[in-house]
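Structure data follow from my_file-v8.txt (compact mmCIF, C-alpha atoms):
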# COMPACT_ATOMS: atom_id res chain seq x y z
CA MET A 822 52.15 47.95 94.77
CA LYS A 823 52.05 49.16 91.22
CA LEU A 824 49.08 51.22 89.95
CA ARG A 825 47.74 50.38 86.54
CA ASN A 826 47.03 53.07 84.02
CA LEU A 827 43.30 53.18 83.43
CA HIS A 828 41.78 54.20 80.16
CA PRO A 829 40.50 57.81 80.55
CA LEU A 830 36.91 56.78 79.75
CA PHE A 831 36.91 53.92 82.25
CA VAL A 832 36.65 56.09 85.40
CA PRO A 833 33.74 58.29 84.16
CA ALA A 834 31.91 55.21 82.84
CA ARG A 835 32.27 53.59 86.24
CA LEU A 836 30.92 56.70 87.97
CA ILE A 837 27.95 56.79 85.60
CA ALA A 838 27.21 53.13 86.34
CA VAL A 839 27.24 53.80 90.10
CA ALA A 840 24.98 56.85 89.65
CA VAL A 841 22.49 54.81 87.62
CA MET A 842 22.41 52.10 90.29
CA LEU A 843 21.81 54.67 93.05
CA TYR A 844 19.04 56.35 91.05
CA SER A 845 17.40 52.98 90.39
CA ALA A 846 17.50 52.13 94.08
CA SER A 847 15.86 55.43 95.05
CA ALA A 848 13.22 55.06 92.32
CA ALA A 849 12.43 51.57 93.57
CA TYR A 850 11.83 53.00 97.03
CA ALA A 851 9.39 55.66 95.83
CA ALA A 852 6.06 55.10 97.53
CA ASP A 853 3.18 53.91 95.40
CA PHE A 854 -0.06 55.27 96.83
CA VAL A 855 -3.61 54.14 96.15
CA SER A 856 -6.96 55.25 97.52
CA VAL A 857 -10.32 53.67 98.25
CA SER A 858 -12.62 54.16 95.26
CA GLU A 859 -15.79 52.59 96.71
CA ASN A 860 -18.00 54.16 99.40
CA SER A 861 -16.18 51.98 101.92
CA ALA A 862 -13.64 49.16 102.08
CA ILE A 863 -12.97 46.40 104.57
CA LEU A 864 -9.42 45.91 105.82
CA TYR A 865 -8.43 42.32 106.57
CA ASP A 866 -5.55 40.63 108.40
CA ALA A 867 -4.89 38.26 105.48
CA PRO A 868 -5.64 38.15 101.73
CA SER A 869 -8.93 36.25 101.97
CA LEU A 870 -12.61 37.05 102.44
CA LYS A 871 -12.51 34.43 105.21
CA ALA A 872 -9.77 36.32 107.07
CA LYS A 873 -10.46 38.44 110.14
CA LYS A 874 -12.15 41.76 109.30
CA LEU A 875 -10.27 44.53 111.10
CA PHE A 876 -11.70 47.89 110.02
CA VAL A 877 -14.01 49.59 107.57
CA VAL A 878 -12.62 52.73 105.93
CA ASN A 879 -14.30 55.42 103.86
CA ARG A 880 -13.91 56.45 100.25
CA TYR A 881 -10.71 58.34 99.33
CA MET A 882 -8.68 56.88 102.22
CA PRO A 883 -5.07 56.91 100.99
CA PHE A 884 -2.76 53.93 101.53
CA GLU A 885 0.75 53.09 100.55
CA GLN A 886 0.68 49.99 98.35
CA VAL A 887 3.19 47.42 99.64
CA VAL A 888 2.42 44.14 97.85
CA THR A 889 -0.04 43.05 95.18
CA LEU A 890 -1.18 39.43 95.20
CA ASP A 891 -3.79 38.41 92.62
CA SER A 892 -6.97 40.24 93.66
CA TRP A 893 -5.54 41.53 96.96
CA VAL A 894 -3.27 44.42 97.93
CA LYS A 895 -1.27 44.73 101.13
CA VAL A 896 -1.40 48.37 102.19
CA ARG A 897 0.19 50.56 104.88
CA ASP A 898 -1.69 53.36 106.61
CA ARG A 899 -0.17 56.54 108.02
CA SER A 900 0.57 54.87 111.36
CA GLY A 901 2.61 52.19 109.59
CA SER A 902 0.07 49.42 110.20
CA LEU A 903 -0.36 46.83 107.46
CA TYR A 904 -3.65 45.45 106.14
CA TRP A 905 -5.02 43.51 103.20
CA VAL A 906 -7.75 44.98 101.01
CA GLU A 907 -9.48 43.76 97.86
CA LYS A 908 -7.84 45.26 94.78
CA ARG A 909 -11.24 46.00 93.19
CA VAL A 910 -12.03 48.71 95.79
CA LEU A 911 -8.80 50.63 95.15
CA SER A 912 -7.90 53.30 92.63
CA SER A 913 -4.60 54.80 91.51
CA LYS A 914 -6.23 58.24 91.79
CA ARG A 915 -4.31 59.99 94.54
CA TYR A 916 -5.81 61.58 97.63
CA VAL A 917 -4.20 63.01 100.74
CA PHE A 918 -5.66 63.29 104.23
CA VAL A 919 -5.29 66.43 106.31
CA LEU A 920 -3.25 65.88 109.50
CA PRO A 921 -3.66 69.05 111.65
CA ALA A 922 -6.97 70.00 113.29
CA LEU A 923 -7.37 72.85 110.75
CA LEU A 924 -5.37 73.37 107.57
CA ASP A 925 -5.22 76.41 105.33
CA VAL A 926 -5.22 75.66 101.62
CA ARG A 927 -3.27 78.47 99.93
CA ALA A 928 -3.66 80.08 96.49
CA GLU A 929 0.08 79.65 95.83
CA PRO A 930 2.77 77.35 97.27
CA ASP A 931 3.74 79.93 99.86
CA SER A 932 2.72 80.26 103.52
CA GLY A 933 2.06 83.98 102.95
CA ALA A 934 -0.29 83.40 100.01
CA ALA A 935 -4.01 84.04 100.30
CA ARG A 936 -6.10 81.31 101.92
CA VAL A 937 -8.44 79.64 99.44
CA LEU A 938 -10.22 77.58 102.08
CA GLN A 939 -9.70 75.92 105.43
CA VAL A 940 -10.28 72.20 105.95
CA ARG A 941 -10.57 70.02 109.02
CA GLN A 942 -8.47 67.04 110.02
CA GLN A 943 -8.93 63.84 107.99
CA VAL A 944 -10.66 65.59 105.11
CA ALA A 945 -9.64 64.03 101.80
CA LEU A 946 -8.15 66.29 99.15
CA GLU A 947 -7.39 65.10 95.65
CA ARG A 948 -3.64 65.22 95.05
CA LEU A 949 -2.99 66.93 91.72
CA GLU A 950 0.80 67.24 91.82
CA ALA A 951 3.82 67.73 94.03
CA THR A 952 5.69 70.97 93.40
CA GLY A 953 9.07 69.63 94.46
CA THR A 954 9.34 72.50 96.94
CA GLY A 955 7.53 70.92 99.89
CA TRP A 956 4.05 71.86 98.67
CA VAL A 957 1.30 69.76 97.08
CA LYS A 958 -1.31 71.05 94.65
CA VAL A 959 -4.71 69.74 95.75
CA ARG A 960 -8.40 69.96 94.85
CA HIS A 961 -11.22 69.98 97.39
CA GLN A 962 -14.40 68.08 96.49
CA ASP A 963 -16.09 71.47 95.95
CA ALA A 964 -13.60 71.98 93.05
CA GLU A 965 -11.48 74.60 94.82
CA ILE A 966 -7.78 74.20 93.97
CA GLY A 967 -4.85 75.28 96.11
CA TYR A 968 -1.63 74.26 97.81
CA VAL A 969 -0.82 72.62 101.13
CA ARG A 970 2.49 71.74 102.74
CA SER A 971 3.40 68.12 102.15
CA THR A 972 4.22 67.75 105.87
CA GLU A 973 0.61 68.59 106.77
CA VAL A 974 -1.03 65.82 104.73
CA TRP A 975 -0.61 62.07 104.47
CA GLY A 976 -0.61 60.17 101.21
CA ASP A 977 1.85 62.22 99.20
This entry written out as structure tokens:
Amino acid sequence: MKLRNLHPLFVPARLIAVAVMLYSASAAYAADFVSVSENSAILYDAPSLKAKKLFVVNRYMPFEQVVTLDSWVKVRDRSGSLYWVEKRVLSSKRYVFVLPALLDVRAEPDSGAARVLQVRQQVALERLEATGTGWVKVRHQDAEIGYVRSTEVWGD
């Protein structure tokens, strides 16, 4: 078998093309979260007001957006269950829900930093930004800002 001589730019260009494809695939997988913007929202088993009503959820409940179909959105909750909800009751404003029974919100993204406040399980915190270091900057409804570990909240 005889090896062909490849142009010196061909190999790097090929590697760049593969890298772009891998990046695109990971970007496509990035979760798109939404939250309930109304006081409450009804979760259905199909995209219709005539479908079976399954649950009522409160304002700020975060969901992962899976599919959008006209005026309906198929969402996933933290347990992985799928539901349909009317698009009009959702917002792109991000919230996270506290998972442990009590969670310390820290002044800095560090477990040794001063505690700003402590919140109970399932309290909604506005997600301001991810630090990229395993911490999320959040705001409590009382306007206090701090950091929580991304593993201790759902919706990030």
Which distance in Å separates atom CA of A:Asp866 and atom CA of A:Val906, to one decimal?
8.9 Å
Please list as a VMD selection string every residue within 9 Å of A:Glu973, counting all atoms listed in the file and excluding residues in the same chain fewer than 5 positions away.
chain A and resid 918 to 921 924
Give the answer as one residue: which of A:Val894, A:Ala951, A:Val888, A:Val974 has the shortest atom-to-atom distance to A:Lys908, using all atoms listed in the file?
A:Val894
Among A:Ser858, A:Thr972, A:Ser869, A:Asn879, A:Gln943 is approached most closely, using only C-alpha atoms, by A:Asn879
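Taking atom CA of A:Val910 and atom CA of A:Glu859 as the two end points, the separation is 5.5 Å.
If you look at atom CA of A:Arg927 and atom CA of A:His961, they are 11.9 Å away from each other.
With all atoms listed in the file as the atoms that count, the minimum distance from A:Val957 to the choices A:Gly901, A:Gly976, A:Pro868, A:Gly933 is reached by A:Gly976.
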For A:Trp975, work out the shell of residues within 12 Å, counting only C-alpha atoms and skipping chain neighbours fewer than 2 positions away, then give it as a VMD selection string.
chain A and resid 852 854 to 856 881 to 885 897 to 901 915 to 921 942 to 948 957 969 to 973 977
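Each of A:Ala935, A:Thr954, A:Ala862, A:Ala922 was compared to A:Arg909 using only C-alpha atoms, and A:Ala862 turns out to be the nearest.
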